[in-house]
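Below is one structure, written out as structure tokens, with a few remarks after it.
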Amino acid sequence: MKIKKGPSTIIFNIICYTLLVIGSIVCVVPFILIISGSFTDNATILLEGYSLLPRDFTLDAYKTIFKAPQDILQAYKMTFYYTILGTALGLMMITLTAYVISRKEFKYRNTISFLIYFTSIFGGGTIPWYLMYASVLGLKGSTIAIWFPALMSPFLVILMRTFMVGSVPDAITESAKIDGAGHVTIFLKIVMPVLGPGLATIGLFLALGYWNDWYRSSMFSTDSSTWELQFYLYDMLNATNALKQMSQNSSIPTSDLPTQAVKLAMAVVATGPVLLVYPFVQKYFVSGITVGAVKG
Amino acid sequence: MKNGKKLLSLLLAGSMALSLAACGGDTTTTTSSDSSSQSSESSSAETDDAGSSEVDTSERVDLVFYVMGDAPVDEQAVEDALNEKLLEKVNATVDFQFSTWTDFQTKYSLELTSGTADLIYIANWLNFGQLANSGAFLELNDLLDTYGSDLKALVGEDALNQCSVDGQIYAVPNAWPEYVSAGIKYREDLRAQYDLPVPDSLENVESYLLGIKENMPGQGILTVTTEESQGTQTAFDAAWILNFKYPWVTQNGLDYGLAANYDTPQEVYDYWFSDDFVEDMKLMKKWADYGFWSKSALSDTNDSEAFKTGLCVAEIAGQNPSKYITAVSDCEDGGQGWEAGYIAYGETTGVIYPGHAQQNGTAIVRGCENPERAMMVLQLLMCDEEINKIVQYGIEGTHYEIDENGLYVNLSTDFGYEGFSTWNLRNGDIKLSSENDVLLNEMFDKLEAIGAETKWNNTDIYSGFVEDYEAYAAERTAVSQVMRQYLAPIQAGLVDDVDAAIEEFRTKVTEAGLETVRESYIEQWKAYCDSYGYK
């Protein structure tokens with residue numbers, strides 16, 4: 001049956017669509033500018049600014065990048081490595097911790113929950129954090145220092161615990177216990193199966209955190225072959241700015257810095273593959289996020 | 001049960017990862033304790049035969065040299081070549097570690113806190129003065145006398161004095177006096193074409209700019225913004241041109257509208273409340289009315305390529321001889337018959353000095369376990385021609401070659417000129433020049449001759465001063481805000497009534513606490529001048 005549209009519905013729809021169109025234009029236009037800029041001759045960008053369609057079409061910027069693509073490919077490889085390893089290990093540790101502190105029969109669960117929660121309010125600050133990894137653990141320059149610090153976060157542990165408590169009623173675990181199941185069986189057979197959406201949400205948080213991180217590379221890497229992709233890009237921009245700034249006071253050659261077009265092309269090369277993958281995994285992202293939101 | 005095993009193995013794997021991490025920690029602690037025992041041995045050896053400069057170098061020492069910037073591709077190859085020589089001479093190796101340009105200020109202080117480095121790059125823009133004061137670096141006086149006498153002779157007493165605090169030397173500056181004298185970069189071809197005067201004074205700059213404006217309608221004249229005026233000296237870039245009138249209008253000069261002449265640094269006078277200030281601001285207004293810069297100059301973003309792309313015909317802020325050299329080669333590459341010219345403001349005012357010794361230097365980190373060896377290595381890096389060439393230019397034949405004129409020619413992008421960013425190891429006696437440097441050196445010779453005539457003979461007396469504004473940080477911020485809000489439009493000539501605007505600025509800046517700031521600032525400045533004997 002067709003629902004009859006009153007004038008108010010039509011107006012409402014018009015407003016909605018207009019807002020959505022404006023919203024998507026705001027999102028899409030900058031990206032188009034980046035793509036078109038990456039195909040534009042550098043001198044044209046400097047003289048005439050950016051345009052939606054490339055003027056003076058050229059592939060020079062991409063030629064410059066792909067003359068030596070190994071750096072950017074290496075950064076891609078490392079980011080995948082950190083993301084996959086970090087997300088897998090992180091999920092395991094967070095889920096196990098959350099299970100333990102969600103059990104009522106665990107005597108110290110409140111103390112331990114408090115200790116975990118406490119760190120989310122009072123942190124040690126950058127310097128002790130850095131000294132811990134660099135001097136005490138001696139991880140400076142090691143790839144461990146890049147994935148290890150982000151394995152667990154108090155927020156995610158608590159989110160997971162709440163999710164567990166909410167989706168697995170006590171009665172069920174109790175009945176399993178009466179039937180003779182130990183914690184391992186309860187965790188794997190009863191809790192894990194209903195944890196799907198929770199795992200998706202936490203996994204998404206972890207994976208995004210790893211994918212977007214540049215700070216740990218900045219702090220702990222001593223070798224550019226271990227850099228994360230985001231740091232590789234960020235550092236390229238920073239180097240350009242810093243050298244320009246420094247040449248104020250000092251004779252430092254600045255002629256071989258990347259041009260505007262090359263920077264834009266870098267951005268395209270770095271984000272392109274993610275954009276291509278995104279539509280295929282989007283449905284998981286959406287379900288993960290909404291589940292997290294509802295249960296929170 | 002089967003699942004239990006799985007879980008157990010997972011946990012085992014996790015704990016193994018943890019123990020791996022812990023192992024990493026173990027190895028470093030052992031090495032560091034090893035090297036500390038080494039250092040106690042070498043220091044005991046040293047006390048045994050006190051007086052002689054021979055050190056027991058039988059134990060190999062691995063040093064870490066922390067430098068700025070990004071690592072070159074061929075870092076390892078060059079380090080290997082370098083360490084071969086260093087092992088032979090002093091039984092030590094150097095591993096260069098790079099800050100990268102991301103967050104480098106934070107990482108630099110962290111590096112000093114965690115103390116993994118032995119030798120470290122220092123500069124005034126990395127707060128050398130404050131760090132030396134707080135004891136981050138080792139005193140080098142004795143080390144230089146005992147292990148670095150050649151180095152001491154190379155650098156010279158004066159330069160070392162500039163890197164010292166209370167008589168203690170904390171850093172060894174590079175040995176290549178570099179002139180970063182600010183000036184005006186202009187289009188020589190246009191000047192010649194329209195027969196305009198060389199812009200070497202305020203009047204001539206005005207006629208040069210006006211001449212181009214009249215002859216080439218539609219041509220952009222200046223692209224000045226607030227980019228180079230973020231400090232507490234000026235608020236708009238066009239004001240730097242006043243350097244032609246007053247030698248103290250430089251990036252190194254005094255803050256808060258105060259001024260002190262180079263010859264009489266202790267006589268501080270008040271510029272913002274003087275009649276000169278009103279007169280100068282009227283000139284700025286006149287220039288703005290001529291249309292030398294855009295009406296939106298105050299909010300424009302800086303375009304560092306403007307000169308190269310022809311959007312302006314002169315640049316007056318943040319310029320230096322090396323930038324002029326870059327412009328010269330850009331003009332040649334452009335192939336449009338453009339020609340760049342450069343006049344350092346000091347050529348007119350007669351006040352010229354090279355960059356301060358604290359600009360590029362090397363310090364030994366306190367906590368370095370083998371300071372003797374670090375000093376010996378530093379001396380070799382700077383004084384030994386063969387070693388200096390490896391560290392600065394890489395491997396001859398692979399990374400660079402020297403052409404028939406004795407000039408540096410790069411052969412590989414994997415290790416460029418000064419590929420380790422070791423500007424602190426420059427040695428003027430053996431430094432290789434590239435083709436562009438020939439012009440630069442000519443300019444430096446000219447500037448050096450002028451600098452030699454000045455009272456302090458080629459010494460930058462300003463830049464060693466480190467302001468400690470902790471006591472008046474709030475007032476300082478307020479003053480800075482008033483400058484952005486009220487001084488910037490005046491200096492940009494974008495006010496209708498200059499006198500009234502200046503009156504308002506003076507009231508506001510006084511209300512912001514200018515007196516407090518100035519009082520404390522002048523006191524600190526005079527104490528600084530006293531301690532270095534600048535009378």
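Identifiers in this document derive from the order of the structure tokens: chains are assigned A, B, ..., residues are numbered from 1 separately in each chain, and ligands are numbered from 1 in order of occurrence.
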So which residues touch Asp237 of chain B within 10 Å, counting only C-alpha atoms, skipping near sequence neighbours fewer than 4 positions away, as number ranges by chain?
B: 223-230, 241, 297-298, 315-318, 488, 491-492
Near Trp227 of chain A, within 7 Å and counting only C-alpha atoms, which residues show up once chain neighbours fewer than 2 positions away are dropped, as a ChimeraX atom specification?
/A:75,78,217,221,224-225,229,231-232
Output for the residues just chosen: N, CA and C atoms as a PDB file, in the first residue's frame:
ATOM      1  N   ALA A  75      55.990   1.567   4.183  1.00  0.00           N
ATOM      2  CA  ALA A  75      55.165   2.157   5.223  1.00  0.00           C
ATOM      3  C   ALA A  75      53.793   1.471   5.255  1.00  0.00           C
ATOM      4  N   MET A  78      54.216  -1.946   6.921  1.00  0.00           N
ATOM      5  CA  MET A  78      54.369  -1.875   8.381  1.00  0.00           C
ATOM      6  C   MET A  78      53.036  -1.552   9.037  1.00  0.00           C
ATOM      7  N   SER A 217      55.532   6.028  16.188  1.00  0.00           N
ATOM      8  CA  SER A 217      56.661   6.007  15.259  1.00  0.00           C
ATOM      9  C   SER A 217      57.552   7.205  15.515  1.00  0.00           C
ATOM     10  N   SER A 221      60.737   5.175  16.725  1.00  0.00           N
ATOM     11  CA  SER A 221      61.436   4.630  15.564  1.00  0.00           C
ATOM     12  C   SER A 221      62.806   5.258  15.426  1.00  0.00           C
ATOM     13  N   SER A 224      63.773   4.450   9.381  1.00  0.00           N
ATOM     14  CA  SER A 224      62.577   4.821   8.623  1.00  0.00           C
ATOM     15  C   SER A 224      61.872   3.599   8.040  1.00  0.00           C
ATOM     16  N   SER A 225      62.512   2.425   8.025  1.00  0.00           N
ATOM     17  CA  SER A 225      61.808   1.267   7.459  1.00  0.00           C
ATOM     18  C   SER A 225      60.762   0.729   8.433  1.00  0.00           C
ATOM     19  N   LEU A 229      52.499   4.388   8.173  1.00  0.00           N
ATOM     20  CA  LEU A 229      52.145   5.170   6.986  1.00  0.00           C
ATOM     21  C   LEU A 229      51.816   6.623   7.332  1.00  0.00           C
ATOM     22  N   PHE A 231      52.750   8.391   9.789  1.00  0.00           N
ATOM     23  CA  PHE A 231      53.928   9.144  10.184  1.00  0.00           C
ATOM     24  C   PHE A 231      54.777   9.496   8.967  1.00  0.00           C
ATOM     25  N   TYR A 232      54.849   8.557   8.050  1.00  0.00           N
ATOM     26  CA  TYR A 232      55.602   8.807   6.827  1.00  0.00           C
ATOM     27  C   TYR A 232      55.093  10.072   6.125  1.00  0.00           C
TER      28      TYR A 232
END
Report as a VMD selection string all protein, DNA and RNA residues lying within 10 Å of segment 263-280 of chain B, evaluated on only C-alpha atoms, omitting residues in the same chain fewer than 3 positions from it.
chain B and resid 239 242 245 248 254 256 to 260 283 to 286 351 454 to 456 461 to 462 487 490 to 491 498 to 499 502 to 503 505 to 506 509 518 522 525 to 530 534 to 535
Prev. selection, N, CA and C atoms, output as a tab-separated table (two decimals), in the first residue's frame:
chain	number	residue	atom	x	y	z
B	239	ALA	N	57.32	46.11	8.36
B	239	ALA	CA	58.09	46.94	9.28
B	239	ALA	C	59.58	46.55	9.29
B	242	LEU	N	62.36	48.84	7.95
B	242	LEU	CA	62.93	49.94	8.74
B	242	LEU	C	64.36	49.63	9.19
B	245	LYS	N	66.86	52.02	8.26
B	245	LYS	CA	66.98	53.25	9.02
B	245	LYS	C	67.65	52.99	10.36
B	248	TRP	N	69.05	48.28	14.59
B	248	TRP	CA	68.55	47.32	15.60
B	248	TRP	C	67.23	46.67	15.20
B	254	LEU	N	66.08	43.71	20.33
B	254	LEU	CA	65.33	43.68	21.58
B	254	LEU	C	63.82	43.64	21.32
B	256	TYR	N	59.60	44.15	22.75
B	256	TYR	CA	58.68	45.07	23.44
B	256	TYR	C	58.92	46.53	23.10
B	257	GLY	N	59.23	46.81	21.82
B	257	GLY	CA	59.40	48.19	21.42
B	257	GLY	C	60.62	48.86	22.04
B	258	LEU	N	61.54	48.07	22.51
B	258	LEU	CA	62.78	48.63	23.03
B	258	LEU	C	63.84	48.54	21.94
B	259	ALA	N	64.87	49.35	22.09
B	259	ALA	CA	65.92	49.34	21.09
B	259	ALA	C	67.25	49.63	21.74
B	260	ALA	N	68.29	48.97	21.24
B	260	ALA	CA	69.64	49.26	21.72
B	260	ALA	C	70.56	49.18	20.53
B	283	LEU	N	55.06	56.57	7.24
B	283	LEU	CA	55.65	56.07	6.00
B	283	LEU	C	54.96	54.77	5.58
B	284	MET	N	54.72	53.90	6.55
B	284	MET	CA	54.04	52.64	6.25
B	284	MET	C	52.66	52.90	5.65
B	285	LYS	N	51.99	53.88	6.23
B	285	LYS	CA	50.66	54.26	5.73
B	285	LYS	C	50.75	54.75	4.28
B	286	LYS	N	51.78	55.55	4.03
B	286	LYS	CA	51.96	56.08	2.68
B	286	LYS	C	52.17	54.91	1.69
B	351	VAL	N	76.15	47.81	10.13
B	351	VAL	CA	76.19	46.84	11.23
B	351	VAL	C	75.95	45.46	10.66
B	454	THR	N	83.08	46.90	12.43
B	454	THR	CA	82.18	47.25	13.53
B	454	THR	C	82.90	47.14	14.86
B	455	LYS	N	82.23	47.67	15.88
B	455	LYS	CA	82.86	47.74	17.20
B	455	LYS	C	83.20	46.36	17.74
B	456	TRP	N	82.31	45.41	17.55
B	456	TRP	CA	82.52	44.10	18.16
B	456	TRP	C	83.11	43.11	17.16
B	461	ILE	N	76.12	40.16	19.13
B	461	ILE	CA	76.03	40.35	20.58
B	461	ILE	C	74.61	40.12	21.08
B	462	TYR	N	73.64	40.00	20.16
B	462	TYR	CA	72.25	39.93	20.59
B	462	TYR	C	71.78	38.51	20.91
B	487	LEU	N	48.88	46.97	16.94
B	487	LEU	CA	50.10	47.39	16.25
B	487	LEU	C	50.11	46.91	14.80
B	490	ILE	N	48.56	49.22	12.28
B	490	ILE	CA	49.35	50.45	12.13
B	490	ILE	C	50.56	50.18	11.25
B	491	GLN	N	51.26	49.08	11.54
B	491	GLN	CA	52.45	48.77	10.75
B	491	GLN	C	52.10	48.41	9.32
B	498	VAL	N	46.68	57.76	11.60
B	498	VAL	CA	47.84	57.11	12.22
B	498	VAL	C	48.02	57.60	13.66
B	499	ASP	N	47.94	58.94	13.86
B	499	ASP	CA	48.18	59.49	15.20
B	499	ASP	C	47.22	58.91	16.23
B	502	ILE	N	47.95	55.24	16.91
B	502	ILE	CA	49.13	55.04	17.76
B	502	ILE	C	48.80	55.36	19.20
B	503	GLU	N	48.01	56.45	19.38
B	503	GLU	CA	47.61	56.82	20.75
B	503	GLU	C	46.88	55.67	21.42
B	505	PHE	N	47.00	52.46	20.61
B	505	PHE	CA	47.93	51.36	20.83
B	505	PHE	C	48.75	51.57	22.09
B	506	ARG	N	49.24	52.82	22.26
B	506	ARG	CA	50.06	53.11	23.43
B	506	ARG	C	49.27	52.91	24.72
B	509	VAL	N	48.64	49.09	25.23
B	509	VAL	CA	49.82	48.28	25.54
B	509	VAL	C	50.32	48.61	26.96
B	518	ARG	N	58.85	45.39	30.56
B	518	ARG	CA	60.07	46.07	30.15
B	518	ARG	C	61.09	46.15	31.26
B	522	ILE	N	64.70	44.64	30.67
B	522	ILE	CA	65.89	45.49	30.59
B	522	ILE	C	66.93	45.03	31.61
B	525	TRP	N	68.58	41.99	30.32
B	525	TRP	CA	69.41	42.31	29.16
B	525	TRP	C	70.73	42.93	29.62
B	526	LYS	N	70.64	43.84	30.60
B	526	LYS	CA	71.86	44.50	31.06
B	526	LYS	C	72.77	43.50	31.77
B	527	ALA	N	72.16	42.60	32.54
B	527	ALA	CA	72.96	41.58	33.22
B	527	ALA	C	73.68	40.72	32.19
B	528	TYR	N	72.97	40.42	31.11
B	528	TYR	CA	73.58	39.61	30.03
B	528	TYR	C	74.76	40.36	29.41
B	529	CYS	N	74.54	41.65	29.11
B	529	CYS	CA	75.60	42.44	28.49
B	529	CYS	C	76.82	42.51	29.41
B	530	ASP	N	76.55	42.68	30.71
B	530	ASP	CA	77.66	42.74	31.67
B	530	ASP	C	78.46	41.44	31.65
B	534	TYR	N	79.76	43.37	27.05
B	534	TYR	CA	79.27	44.27	25.99
B	534	TYR	C	78.89	45.59	26.64
B	535	LYS	N	79.77	46.56	26.56
B	535	LYS	CA	79.48	47.82	27.26
B	535	LYS	C	79.12	48.93	26.28
Please check the contacts: residues of chain A at most 9 Å away from chain B, using only C-alpha atoms, listed as a PyMOL selection string.
chain A and resi 43+46-47+89+92-93+127+130-131+133-139+142+144-145+184-185+188+215+218-219+222-224+231+234-244+247-255
Those same residues - N, CA and C atoms - I'd like them written as a compact mmCIF listing (two decimals), in the first residue's frame.
# COMPACT_ATOMS: atom_id res chain seq x y z
N ALA A 43 53.51 24.60 -11.01
CA ALA A 43 53.54 26.06 -11.21
C ALA A 43 52.12 26.61 -11.32
N LEU A 46 50.59 27.04 -7.93
CA LEU A 46 51.12 28.20 -7.23
C LEU A 46 50.55 29.50 -7.76
N LEU A 47 50.39 29.55 -9.08
CA LEU A 47 49.94 30.81 -9.69
C LEU A 47 48.44 31.00 -9.61
N LEU A 89 46.03 -9.18 19.02
CA LEU A 89 46.50 -9.33 20.40
C LEU A 89 45.67 -8.49 21.36
N MET A 92 42.32 -9.99 22.14
CA MET A 92 42.46 -11.14 23.04
C MET A 92 42.62 -10.66 24.47
N MET A 93 43.53 -9.71 24.66
CA MET A 93 43.81 -9.29 26.03
C MET A 93 42.63 -8.54 26.64
N ILE A 127 56.57 12.18 29.59
CA ILE A 127 57.98 11.89 29.88
C ILE A 127 58.16 10.54 30.57
N TYR A 130 57.50 7.85 28.05
CA TYR A 130 58.62 7.67 27.12
C TYR A 130 59.78 6.96 27.81
N LEU A 131 60.10 7.41 29.03
CA LEU A 131 61.24 6.81 29.74
C LEU A 131 61.01 5.33 30.00
N TYR A 133 59.34 3.13 28.22
CA TYR A 133 59.59 2.30 27.05
C TYR A 133 61.03 2.42 26.56
N ALA A 134 61.54 3.65 26.56
CA ALA A 134 62.87 3.85 25.96
C ALA A 134 63.99 3.40 26.89
N SER A 135 63.93 3.80 28.17
CA SER A 135 65.05 3.50 29.05
C SER A 135 64.84 2.22 29.85
N VAL A 136 63.68 2.08 30.49
CA VAL A 136 63.48 0.94 31.38
C VAL A 136 63.35 -0.35 30.57
N LEU A 137 62.44 -0.33 29.58
CA LEU A 137 62.26 -1.54 28.79
C LEU A 137 63.24 -1.61 27.62
N GLY A 138 63.87 -0.52 27.32
CA GLY A 138 64.86 -0.51 26.24
C GLY A 138 64.27 -0.85 24.89
N LEU A 139 63.06 -0.35 24.63
CA LEU A 139 62.40 -0.72 23.37
C LEU A 139 62.59 0.31 22.27
N SER A 142 62.74 -0.48 18.51
CA SER A 142 62.14 -1.78 18.25
C SER A 142 60.70 -1.60 17.77
N ILE A 144 58.32 -3.41 18.59
CA ILE A 144 57.42 -3.73 19.72
C ILE A 144 56.89 -2.44 20.34
N ALA A 145 57.75 -1.45 20.44
CA ALA A 145 57.35 -0.19 21.06
C ALA A 145 56.24 0.49 20.28
N VAL A 184 37.14 -21.72 31.54
CA VAL A 184 37.55 -21.77 30.14
C VAL A 184 36.36 -22.14 29.26
N THR A 185 35.61 -23.13 29.66
CA THR A 185 34.45 -23.53 28.87
C THR A 185 33.40 -22.43 28.84
N LEU A 188 34.64 -19.66 26.50
CA LEU A 188 34.69 -19.98 25.07
C LEU A 188 33.32 -20.40 24.53
N TYR A 215 52.15 8.83 16.25
CA TYR A 215 52.91 9.35 17.38
C TYR A 215 53.98 8.38 17.85
N SER A 218 56.90 8.34 15.73
CA SER A 218 57.65 9.56 15.95
C SER A 218 58.53 9.43 17.18
N MET A 219 58.01 8.80 18.22
CA MET A 219 58.74 8.70 19.47
C MET A 219 59.82 7.62 19.44
N THR A 222 63.79 4.43 15.15
CA THR A 222 65.09 5.00 14.82
C THR A 222 65.43 4.68 13.37
N ASP A 223 64.56 3.98 12.70
CA ASP A 223 64.86 3.53 11.35
C ASP A 223 63.60 3.76 10.50
N SER A 224 63.77 4.45 9.38
CA SER A 224 62.58 4.82 8.62
C SER A 224 61.87 3.60 8.04
N PHE A 231 52.75 8.39 9.79
CA PHE A 231 53.93 9.14 10.18
C PHE A 231 54.78 9.50 8.97
N TYR A 234 53.06 12.46 7.50
CA TYR A 234 53.10 13.61 8.39
C TYR A 234 54.52 14.19 8.44
N ASP A 235 55.49 13.28 8.51
CA ASP A 235 56.87 13.74 8.61
C ASP A 235 57.31 14.45 7.35
N MET A 236 56.78 13.99 6.21
CA MET A 236 57.16 14.65 4.96
C MET A 236 56.71 16.11 4.98
N LEU A 237 55.48 16.34 5.44
CA LEU A 237 54.98 17.71 5.54
C LEU A 237 55.80 18.51 6.54
N ASN A 238 56.05 17.90 7.70
CA ASN A 238 56.79 18.61 8.74
C ASN A 238 58.19 18.96 8.29
N ALA A 239 58.83 18.03 7.59
CA ALA A 239 60.19 18.29 7.13
C ALA A 239 60.21 19.51 6.22
N THR A 240 59.23 19.58 5.32
CA THR A 240 59.16 20.71 4.42
C THR A 240 59.05 22.02 5.19
N ASN A 241 58.12 22.02 6.16
CA ASN A 241 57.91 23.25 6.92
C ASN A 241 59.12 23.61 7.76
N ALA A 242 59.69 22.60 8.42
CA ALA A 242 60.82 22.87 9.32
C ALA A 242 62.01 23.41 8.53
N LEU A 243 62.27 22.81 7.38
CA LEU A 243 63.44 23.25 6.62
C LEU A 243 63.23 24.66 6.08
N LYS A 244 62.00 24.96 5.67
CA LYS A 244 61.72 26.32 5.21
C LYS A 244 61.96 27.31 6.35
N SER A 247 65.69 27.68 7.11
CA SER A 247 66.50 28.37 6.11
C SER A 247 66.45 29.88 6.33
N GLN A 248 65.54 30.33 7.21
CA GLN A 248 65.51 31.71 7.67
C GLN A 248 66.87 32.12 8.23
N ASN A 249 67.45 31.24 9.03
CA ASN A 249 68.61 31.60 9.82
C ASN A 249 69.87 30.89 9.41
N SER A 250 69.81 30.07 8.40
CA SER A 250 70.94 29.20 8.18
C SER A 250 71.00 28.81 6.71
N SER A 251 72.19 28.49 6.25
CA SER A 251 72.28 28.03 4.86
C SER A 251 71.94 26.56 4.81
N ILE A 252 70.74 26.26 4.45
CA ILE A 252 70.34 24.88 4.31
C ILE A 252 69.69 24.74 2.95
N PRO A 253 70.16 23.79 2.17
CA PRO A 253 69.58 23.66 0.83
C PRO A 253 68.11 23.26 0.92
N THR A 254 67.22 24.01 0.26
CA THR A 254 65.80 23.71 0.34
C THR A 254 65.23 23.42 -1.04
N SER A 255 66.10 23.22 -2.02
CA SER A 255 65.56 23.14 -3.37
C SER A 255 64.87 21.81 -3.66
Env of Tyr290 of chain B: 12 Å cut, atoms = only C-alpha atoms, seq-sep filter 4 positions within chain, self excluded. Answer as a list of chain:residue names.
B:Glu206, B:Ser207, B:Leu209, B:Leu210, B:Gly211, B:Ile212, B:Lys213, B:Glu214, B:Ile221, B:Leu222, B:Leu283, B:Met284, B:Lys285, B:Lys286, B:Ser294, B:Lys295, B:Gly493, B:Leu494
Within 10 Å of Tyr393 of chain B using only C-alpha atoms, minus same-chain residues under 4 positions, as a ChimeraX atom specification
/B:78,387-389,399-401,408-410,415-420,431-432
DSSP on the backbone: which residues in segment 92-258 of chain A end up as alpha helix (DSSP H)? Give the answer as JSON, numbers by chain.
{"A": [92, 93, 94, 95, 96, 97, 98, 99, 100, 101, 102, 109, 110, 111, 112, 113, 114, 115, 116, 117, 118, 119, 120, 121, 126, 127, 128, 129, 130, 131, 144, 145, 146, 147, 154, 155, 156, 157, 158, 159, 160, 161, 162, 163, 164, 165, 166, 167, 170, 171, 172, 173, 174, 175, 176, 177, 178, 183, 184, 185, 192, 193, 194, 196, 197, 198, 199, 200, 201, 202, 203, 204, 205, 206, 207, 208, 209, 210, 211, 212, 215, 216, 217, 218, 219, 220, 229, 230, 231, 232, 233, 234, 235, 236, 237, 238, 239, 240, 241, 242, 243, 244, 245, 246]}
Write out as a list in words which residues come within 10 Å of Thr510 of chain B when counting only C-alpha atoms, dropping same-chain ones fewer than 5 positions away.
Val479, Val482, Glu504, Phe505, Glu515 and Thr516 of chain B
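A straight line drawn from atom CA of Gly350 of chain B to atom CA of Cys331 of chain B is 28.9 Å long.
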Tyr324 of chain B: which residues within 8 Å, counting only C-alpha atoms, same-chain residues fewer than 6 positions away excluded, as a ChimeraX atom specification?
/B:185,340-342
Keeping N, CA and C atoms, export the residues of the selection given above as a compact mmCIF listing (two decimals), in the first residue's frame.
# COMPACT_ATOMS: atom_id res chain seq x y z
N LYS B 185 65.42 41.33 -1.06
CA LYS B 185 65.67 40.59 -2.30
C LYS B 185 64.79 41.23 -3.35
N ALA B 340 67.82 38.07 -9.90
CA ALA B 340 67.57 38.47 -8.52
C ALA B 340 68.71 39.33 -8.00
N GLY B 341 68.38 40.25 -7.14
CA GLY B 341 69.41 41.07 -6.50
C GLY B 341 69.19 41.05 -5.00
N TYR B 342 70.24 41.39 -4.26
CA TYR B 342 70.10 41.35 -2.80
C TYR B 342 70.93 42.45 -2.16
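With distances restricted to only C-alpha atoms, B:Gly167 is the closest residue to Ala132 of chain B from B:Pro217, B:Gly156, B:Gly167, B:Gly335.
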What is the atom CA of Phe205 of chain A to atom CA of Cys16 of chain A distance in Å?
29.8 Å
Just to confirm, what's the straight-line distance from atom CA of Asn124 of chain B to atom CA of Gly361 of chain B in Å (one decimal)?
9.3 Å
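Each of B:Asp496, B:Glu139, B:Glu453, B:Glu385 was checked against Ile364 of chain B using only C-alpha atoms; the smallest atom-to-atom distance is that of B:Glu139.
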